[in-house]
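Take a look at the structure below.
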Amino acid sequence: MKLLTFTLLVLMSIPSVAASRLNLELPTTVGLSSWYGRREQGKRTSSGERFDRRKYTAASRVYPLGTLLMVKFPSKGTFVVVRVNDRGPWIKGRILDLSERAAQTLGLRPYGVGQVLIAPIN
């Protein structure tokens with residue numbers, strides 16, 4: 001999984017590849033994202049796997065389990081690729097819960113909540 005995530009990050013940093021890899025049939029989504037970590041560490045996710053705050057994963061109520069998403073944090077200009085492995089968030093107004101590692105990489109962790117742009121990857 002680490003190699004896959006790293007490879008996708010490298011490919012997505014090339015604009016022409018990034019545009020061709022995005023699923024343009026599904027609309028991109030803009031909304032609030034939060035993150036979760038230590039309190040959920042080791043608990044079972046909706047996919048059946050144990051949550052690991054050090055992996056690039058996310059919880060979504062909209063995207064199917066296993067979907068790869070490119071998540072961009074516009075205020076920092078950063079992005080990560082995450083895999084949906086859980087359902088949530090369950091707080092009104094939020095569209096995605098990121099793992100602690102994903103939030104840290106984005107620069108969102110210190111804020112707790114931030115506006116993100118989400119695009120599914122083919």
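Here, A, B, ... name the chains of the structure tokens in the order displayed, residue numbers run from 1 inside each chain, and ligands are numbered from 1 in the same displayed order.
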
Neighbour list for Thr57 in chain A as a list in words, cut-off 10 Å, only C-alpha atoms, skip fewer than 4 positions in-chain: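 The filter keeps Phe51, Asp52, Arg53, Gly66, Thr67, Leu68, Leu69, Val80, Val81, Val82, Arg83, Val84, Asn85, Asp86, Asp97, Leu98, Ser99, Glu100, Arg101, Ala102 and Ala103 of chain A.
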
Each residue of range 27-88 of chain A lying at most 7 Å from range 104-108 of chain A should get a row with its shortest atom-to-atom pair and the distance in Å to one decimal, counting only C-alpha atoms; could you produce that, ordered by chain and increasing number, as a Markdown table?
```
| residue | atom | partner | partner_atom | distance |
| --- | --- | --- | --- | --- |
| A:Phe73 | CA | A:Leu106 | CA | 6.2 |
| A:Lys76 | CA | A:Gly107 | CA | 6.9 |
| A:Thr78 | CA | A:Leu106 | CA | 5.4 |
| A:Phe79 | CA | A:Leu106 | CA | 5.8 |
| A:Val80 | CA | A:Leu106 | CA | 6.6 |
```

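You can rank A:Ser75, A:Tyr63, A:Arg87, A:Thr29 by their closest distance to Gly48 in chain A using only C-alpha atoms, and at the top of that list sits A:Arg87.
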
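Interatomic distance, CA of Leu117 in chain A against CA of Tyr56 in chain A: 16.1 Å.
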
Nearest to Gly37 in chain A, chosen from A:Arg54, A:Pro89, A:Ala59, A:Gln115, with only C-alpha atoms counted in the distances: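 Once distances to Gly37 in chain A are computed over only C-alpha atoms, the minimum belongs to A:Arg54.
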
Among the residues of range 73-111 of chain A, find those DSSP assigns to alpha helix (DSSP H) from the backbone and print them as a compact mmCIF listing (two decimals) with C-alpha atoms, in the first residue's frame.
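Output saved as result04.txt:
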```
# COMPACT_ATOMS: atom_id res chain seq x y z
CA GLU A 100 -4.00 11.55 11.23
CA ARG A 101 -1.18 10.87 8.73
CA ALA A 102 -3.21 12.23 5.81
CA ALA A 103 -4.21 15.33 7.79
CA GLN A 104 -0.60 15.92 8.85
CA THR A 105 0.67 15.63 5.27
CA LEU A 106 -2.00 18.06 4.05
```

Distance of CA of Ile118 in chain A from CA of Arg38 in chain A, expressed in Å to one decimal place: 24.0 Å

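Taking CA of Gly112 in chain A as the reference point, CA of Met70 in chain A is found at 18.9 Å.
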